[in-house]
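Heads up: the structure comes next, in structure tokens.
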Amino acid sequence: MIQTIKLESQNYVIEIGCGHGILSQALAPYIKRLDIIEIDLECIKKTKALLQGYSNVYYYHDDVIKKGFPIQPNIKHRIIANIPYYISAPIIKTIIYHQEHISDAHLMVQKEFGKKLVATPADSEYTSLSVYAQFYLETQYLFSISRNCFKPRPKVDSALIKCQPKGLYPNVNQPLFFAMVRSLFWGRRKPLQSALLKSPYLSLNPKFKELNFIKKNGQRRGHTLGLCEFLQLYQYLRPYISLH
């Protein structure tokens, strides 16, 4: 992980969960500041003991999902973590929430989750999560990590992923856009037109069926659309769409 991340002396790093401090110990010598947010006080105590000689390490006894990241003003942070897999999706949302203050994030996640983040319409792992993540972030699957690398040995393999905020798309009402995306994955086996008409997330003026895009693509399934096509479809539907 450390070799891949390519740390620099001026980096401000936020580590999510320090555990016994193994990753923290590898980070601290190479960077300007390390902010550790950890929910388990015993883990903080162990890591403090391990890193007692470092003055550039700061500790926050908090729940990152509830509190967010300990952001320093006017600083771009790097997020690095081996995160509990059950909070992988909330962590991605937290990164997106703080995206203006983040340069990149390197996360060790469950392999299947990592594949979802980078999946394209050709992949079986492609879901609405893929579209959501790729709307906000440039996502990269860096490498797989065998379950045999860990003690105790988990039941799943892992992966290291990289996420970089890419800025917002202009002229996109995000609640409407993602209601449309959820509709098309909710009706995964339904043709595009039918999934939109029967969606539990939005309402559409029936006149949308007269759009050329719908006439040409109405029988496609939503999971065959890439992000650019979702954005294109949204622009066509915008005059006809409203939330329930």
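Residue numbering restarts at 1 for every chain of the structure tokens, chains are lettered A, B, ... in their displayed order, and ligands are numbered from 1 as they appear.
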- Which of region 30-136 of chain A counts as helix (DSSP H, G or I) under DSSP, as a VMD selection string please? chain A and resid 30 41 to 50 64 to 67 85 to 97 99 to 101 111 to 118 128 to 136
Store the residues picked out above in a file with N, CA and C atoms, as a short mmCIF file (atom, residue, chain, number, x, y, z; two decimals), in the first residue's frame.
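The file below, result_0.cif, is the result:
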```cif
data_model
loop_
_atom_site.label_atom_id
_atom_site.label_comp_id
_atom_site.auth_asym_id
_atom_site.auth_seq_id
_atom_site.Cartn_x
_atom_site.Cartn_y
_atom_site.Cartn_z
N TYR A 30 6.69 9.68 6.94
CA TYR A 30 6.85 10.20 5.59
C TYR A 30 6.00 11.44 5.28
N LEU A 41 -11.49 3.30 21.59
CA LEU A 41 -10.51 4.00 22.42
C LEU A 41 -9.29 3.13 22.71
N GLU A 42 -9.47 1.83 22.84
CA GLU A 42 -8.33 0.94 23.11
C GLU A 42 -7.36 0.94 21.94
N CYS A 43 -7.87 1.02 20.73
CA CYS A 43 -7.00 1.08 19.55
C CYS A 43 -6.19 2.37 19.54
N ILE A 44 -6.82 3.46 19.94
CA ILE A 44 -6.11 4.74 20.02
C ILE A 44 -4.99 4.64 21.05
N LYS A 45 -5.25 4.04 22.19
CA LYS A 45 -4.23 3.91 23.23
C LYS A 45 -3.04 3.09 22.74
N LYS A 46 -3.31 1.98 22.05
CA LYS A 46 -2.24 1.14 21.54
C LYS A 46 -1.41 1.86 20.48
N THR A 47 -2.10 2.61 19.61
CA THR A 47 -1.40 3.32 18.55
C THR A 47 -0.58 4.48 19.13
N LYS A 48 -1.13 5.17 20.10
CA LYS A 48 -0.38 6.24 20.77
C LYS A 48 0.91 5.70 21.39
N ALA A 49 0.83 4.54 22.00
CA ALA A 49 2.01 3.94 22.62
C ALA A 49 3.05 3.58 21.55
N LEU A 50 2.57 3.09 20.42
CA LEU A 50 3.46 2.70 19.33
C LEU A 50 4.12 3.91 18.67
N VAL A 64 -16.48 7.97 12.32
CA VAL A 64 -16.29 8.73 11.09
C VAL A 64 -17.58 8.87 10.30
N ILE A 65 -18.48 7.89 10.39
CA ILE A 65 -19.73 7.96 9.64
C ILE A 65 -20.63 9.06 10.20
N LYS A 66 -20.60 9.24 11.51
CA LYS A 66 -21.44 10.28 12.13
C LYS A 66 -20.77 11.65 12.12
N LYS A 67 -19.44 11.68 12.30
CA LYS A 67 -18.73 12.94 12.47
C LYS A 67 -18.07 13.45 11.19
N TYR A 85 -15.38 -3.62 6.28
CA TYR A 85 -16.08 -3.72 4.99
C TYR A 85 -17.54 -3.31 5.06
N TYR A 86 -18.16 -3.44 6.23
CA TYR A 86 -19.59 -3.11 6.32
C TYR A 86 -19.85 -1.61 6.24
N ILE A 87 -18.78 -0.78 6.36
CA ILE A 87 -18.98 0.67 6.21
C ILE A 87 -18.37 1.19 4.91
N SER A 88 -18.09 0.32 3.96
CA SER A 88 -17.45 0.74 2.70
C SER A 88 -18.29 1.78 1.95
N ALA A 89 -19.57 1.50 1.76
CA ALA A 89 -20.43 2.44 1.03
C ALA A 89 -20.58 3.76 1.78
N PRO A 90 -20.83 3.77 3.11
CA PRO A 90 -20.87 5.05 3.83
C PRO A 90 -19.56 5.84 3.75
N ILE A 91 -18.41 5.14 3.70
CA ILE A 91 -17.13 5.84 3.58
C ILE A 91 -17.04 6.54 2.23
N ILE A 92 -17.49 5.89 1.18
CA ILE A 92 -17.50 6.52 -0.15
C ILE A 92 -18.38 7.77 -0.12
N LYS A 93 -19.52 7.69 0.53
CA LYS A 93 -20.40 8.86 0.65
C LYS A 93 -19.73 9.98 1.44
N THR A 94 -18.97 9.62 2.48
CA THR A 94 -18.27 10.62 3.29
C THR A 94 -17.18 11.30 2.47
N ILE A 95 -16.48 10.53 1.66
CA ILE A 95 -15.46 11.11 0.76
C ILE A 95 -16.11 12.10 -0.20
N ILE A 96 -17.24 11.72 -0.76
CA ILE A 96 -17.96 12.60 -1.69
C ILE A 96 -18.41 13.87 -0.97
N TYR A 97 -18.89 13.73 0.27
CA TYR A 97 -19.34 14.89 1.04
C TYR A 97 -18.20 15.89 1.26
N GLN A 99 -15.50 16.18 -0.67
CA GLN A 99 -14.66 16.10 -1.87
C GLN A 99 -13.83 17.36 -2.14
N GLU A 100 -14.30 18.53 -1.75
CA GLU A 100 -13.55 19.76 -2.00
C GLU A 100 -12.25 19.80 -1.22
N HIS A 101 -12.15 19.01 -0.16
CA HIS A 101 -10.97 19.03 0.71
C HIS A 101 -10.11 17.78 0.56
N LYS A 111 -12.99 -7.27 -2.04
CA LYS A 111 -12.71 -7.34 -3.48
C LYS A 111 -13.97 -7.10 -4.31
N GLU A 112 -15.08 -7.70 -3.92
CA GLU A 112 -16.32 -7.55 -4.68
C GLU A 112 -16.79 -6.10 -4.69
N PHE A 113 -16.63 -5.41 -3.56
CA PHE A 113 -17.02 -4.00 -3.48
C PHE A 113 -16.12 -3.16 -4.40
N GLY A 114 -14.82 -3.43 -4.39
CA GLY A 114 -13.90 -2.71 -5.26
C GLY A 114 -14.26 -2.87 -6.72
N LYS A 115 -14.66 -4.07 -7.11
CA LYS A 115 -15.05 -4.31 -8.50
C LYS A 115 -16.32 -3.54 -8.87
N LYS A 116 -17.24 -3.40 -7.91
CA LYS A 116 -18.46 -2.63 -8.17
C LYS A 116 -18.14 -1.17 -8.45
N LEU A 117 -17.17 -0.61 -7.72
CA LEU A 117 -16.86 0.81 -7.88
C LEU A 117 -16.33 1.14 -9.27
N VAL A 118 -15.63 0.21 -9.88
CA VAL A 118 -15.01 0.48 -11.19
C VAL A 118 -15.75 -0.19 -12.34
N SER A 128 -26.12 0.38 -9.48
CA SER A 128 -26.33 1.82 -9.29
C SER A 128 -25.20 2.42 -8.45
N LEU A 129 -24.57 1.62 -7.58
CA LEU A 129 -23.41 2.10 -6.81
C LEU A 129 -22.28 2.48 -7.76
N SER A 130 -22.08 1.72 -8.81
CA SER A 130 -21.04 2.03 -9.80
C SER A 130 -21.29 3.40 -10.41
N VAL A 131 -22.52 3.66 -10.80
CA VAL A 131 -22.87 4.95 -11.42
C VAL A 131 -22.71 6.07 -10.40
N TYR A 132 -23.17 5.83 -9.18
CA TYR A 132 -23.07 6.84 -8.12
C TYR A 132 -21.62 7.23 -7.87
N ALA A 133 -20.75 6.23 -7.69
CA ALA A 133 -19.34 6.50 -7.41
C ALA A 133 -18.67 7.21 -8.58
N GLN A 134 -18.94 6.76 -9.79
CA GLN A 134 -18.27 7.31 -10.96
C GLN A 134 -18.80 8.68 -11.35
N PHE A 135 -19.98 9.04 -10.87
CA PHE A 135 -20.50 10.39 -11.08
C PHE A 135 -19.62 11.42 -10.38
N TYR A 136 -19.15 11.07 -9.20
CA TYR A 136 -18.37 12.01 -8.37
C TYR A 136 -16.86 11.77 -8.42
#
```
- Excluding Gln235 (chain A) and any residue of its chain fewer than 6 positions from it, enumerate the residues within 12 Å of it, using only C-alpha atoms, and give them as a PyMOL selection string. chain A and resi 169-174+176-177+180+208+211+213+228-229+241
Could those selected residues go to a file with N, CA, C and O atoms, as a compact mmCIF listing (two decimals), in the first residue's frame?
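Okay, this is what ended up in out-v3.txt:
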```txt
# COMPACT_ATOMS: atom_id res chain seq x y z
N TYR A 169 -20.91 17.64 -12.30
CA TYR A 169 -21.43 17.91 -13.64
C TYR A 169 -22.37 19.10 -13.56
O TYR A 169 -23.23 19.17 -12.68
N PRO A 170 -22.23 20.06 -14.47
CA PRO A 170 -23.13 21.22 -14.45
C PRO A 170 -24.54 20.86 -14.90
O PRO A 170 -24.74 19.89 -15.64
N ASN A 171 -25.50 21.62 -14.43
CA ASN A 171 -26.89 21.49 -14.89
C ASN A 171 -27.49 20.11 -14.62
O ASN A 171 -28.28 19.61 -15.41
N VAL A 172 -27.08 19.51 -13.52
CA VAL A 172 -27.66 18.22 -13.14
C VAL A 172 -28.26 18.35 -11.74
O VAL A 172 -27.56 18.65 -10.78
N ASN A 173 -29.58 18.15 -11.65
CA ASN A 173 -30.25 18.07 -10.36
C ASN A 173 -29.98 16.67 -9.81
O ASN A 173 -30.54 15.68 -10.29
N GLN A 174 -29.11 16.59 -8.82
CA GLN A 174 -28.63 15.27 -8.37
C GLN A 174 -29.74 14.37 -7.82
O GLN A 174 -29.77 13.18 -8.15
N LEU A 176 -32.85 14.22 -8.70
CA LEU A 176 -33.60 13.72 -9.86
C LEU A 176 -32.77 12.70 -10.64
O LEU A 176 -33.28 11.66 -11.07
N PHE A 177 -31.49 13.04 -10.85
CA PHE A 177 -30.62 12.15 -11.63
C PHE A 177 -30.54 10.77 -10.97
O PHE A 177 -30.70 9.74 -11.64
N MET A 180 -33.61 8.67 -11.18
CA MET A 180 -33.68 8.03 -12.49
C MET A 180 -32.79 6.80 -12.55
O MET A 180 -33.19 5.73 -13.02
N PHE A 208 -42.95 11.67 -22.48
CA PHE A 208 -41.53 11.36 -22.65
C PHE A 208 -41.33 10.22 -23.64
O PHE A 208 -40.27 10.10 -24.25
N LEU A 211 -39.92 11.01 -27.14
CA LEU A 211 -38.53 11.42 -27.35
C LEU A 211 -37.82 10.43 -28.27
O LEU A 211 -37.99 9.21 -28.17
N PHE A 213 -34.73 9.59 -28.27
CA PHE A 213 -33.84 8.70 -27.50
C PHE A 213 -34.63 7.50 -26.99
O PHE A 213 -34.15 6.36 -27.02
N CYS A 228 -22.14 8.24 -19.20
CA CYS A 228 -22.42 9.28 -20.20
C CYS A 228 -23.82 9.14 -20.77
O CYS A 228 -24.51 10.13 -21.02
N GLU A 229 -24.27 7.89 -20.97
CA GLU A 229 -25.62 7.67 -21.49
C GLU A 229 -26.67 8.02 -20.44
O GLU A 229 -27.74 8.54 -20.77
N ILE A 241 -39.73 14.98 -15.84
CA ILE A 241 -39.49 14.16 -14.65
C ILE A 241 -39.74 14.95 -13.36
O ILE A 241 -39.50 16.14 -13.29
```
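For region 128-242 of chain A, a DSSP pass over the backbone yields strand (DSSP E or B) at A:Leu137, A:Glu138, A:Thr139, A:Gln140, A:Tyr141, A:Leu142, A:Phe143, A:Ser144, A:Ile145, A:Ser158, A:Ala159, A:Leu160, A:Ile161, A:Lys162, A:Cys163, A:Gln164, A:Pro165, A:Pro191, A:Leu202, A:Ser203, A:Leu204, A:Arg221, A:Ile241, A:Ser242.
With distances restricted to only C-alpha atoms, A:Arg78 is the closest residue to Ile16 (chain A) from A:Arg78, A:Arg238, A:Lys198, A:His98.
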